[in-house]
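> Can you keep this structure in mind? I'll have questions shortly.
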Amino acid sequence: MVRPVNACYSTSMKACDKCKGTLMLERAVDLDAGLAITVYACLNCGRRKPAEPEPRPLTARALAIR
């Protein structure tokens, strides 16, 4: 049985604006401020671009899920 191409991936791959490298979702956590934000990180040049408009407060439930 042949699976459709989109069966394995929920979103399309994003490309870096600077170097056209592959972007991967990454969660950045600031434990001092108690904030977390999801960013796109380029695997080629290391550039980061926010995936969310603003950081979210870090809660005990968020830590338990990850």
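Chain identifiers are assigned as A, B, and so on, following the order in which chains appear in the structure tokens; residues are numbered from 1 within each chain, and ligands are numbered from 1 in order of appearance.
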I'd like the neighbourhood of Arg56 (chain A) as a PyMOL selection string, where a residue qualifies if any of its atoms comes within 10 Å (using only C-alpha atoms), though same-chain residues fewer than 2 positions away should be ignored.

chain A and resi 29+34-38+52-54+58-59

> Residues of the last selection are to be written out with N, CA, C and O atoms, as a short mmCIF file (atom, residue, chain, number, x, y, z; two decimals), in the first residue's frame.


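Contents of the output file result.cif:
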data_model
loop_
_atom_site.label_atom_id
_atom_site.label_comp_id
_atom_site.auth_asym_id
_atom_site.auth_seq_id
_atom_site.Cartn_x
_atom_site.Cartn_y
_atom_site.Cartn_z
N VAL A 29 13.77 28.41 26.41
CA VAL A 29 13.27 28.60 27.76
C VAL A 29 14.22 29.50 28.53
O VAL A 29 15.42 29.27 28.54
N GLY A 34 11.26 32.96 33.67
CA GLY A 34 10.10 32.08 33.71
C GLY A 34 9.26 32.14 32.44
O GLY A 34 8.05 32.03 32.49
N LEU A 35 9.93 32.31 31.29
CA LEU A 35 9.23 32.43 30.01
C LEU A 35 9.74 31.37 29.02
O LEU A 35 10.88 30.93 29.09
N ALA A 36 8.85 31.01 28.08
CA ALA A 36 9.22 30.07 27.02
C ALA A 36 8.63 30.56 25.71
O ALA A 36 7.53 31.12 25.69
N ILE A 37 9.36 30.36 24.61
CA ILE A 37 8.88 30.74 23.29
C ILE A 37 9.34 29.68 22.28
O ILE A 37 10.41 29.10 22.43
N THR A 38 8.50 29.45 21.29
CA THR A 38 8.85 28.53 20.22
C THR A 38 9.42 29.34 19.07
O THR A 38 8.86 30.36 18.68
N GLU A 52 6.05 32.32 17.50
CA GLU A 52 4.95 32.86 18.28
C GLU A 52 5.15 34.37 18.41
O GLU A 52 6.28 34.84 18.40
N PRO A 53 4.06 35.12 18.57
CA PRO A 53 4.20 36.58 18.67
C PRO A 53 4.92 37.05 19.94
O PRO A 53 5.62 38.04 19.92
N GLU A 54 4.76 36.33 21.04
CA GLU A 54 5.40 36.74 22.30
C GLU A 54 5.63 35.52 23.18
O GLU A 54 4.98 34.49 23.03
N LEU A 58 6.06 30.29 31.83
CA LEU A 58 6.37 28.89 32.06
C LEU A 58 5.61 28.41 33.28
O LEU A 58 5.65 29.04 34.35
N THR A 59 4.86 27.34 33.14
CA THR A 59 4.07 26.80 34.25
C THR A 59 4.53 25.38 34.57
O THR A 59 5.21 24.74 33.78
#

> Contacts of Asp17 (chain A) at 12 Å or less, counting only C-alpha atoms, minus same-chain residues fewer than 5 places along, as a VMD selection string?

chain A and resid 22 to 23 40 to 42 44 to 49
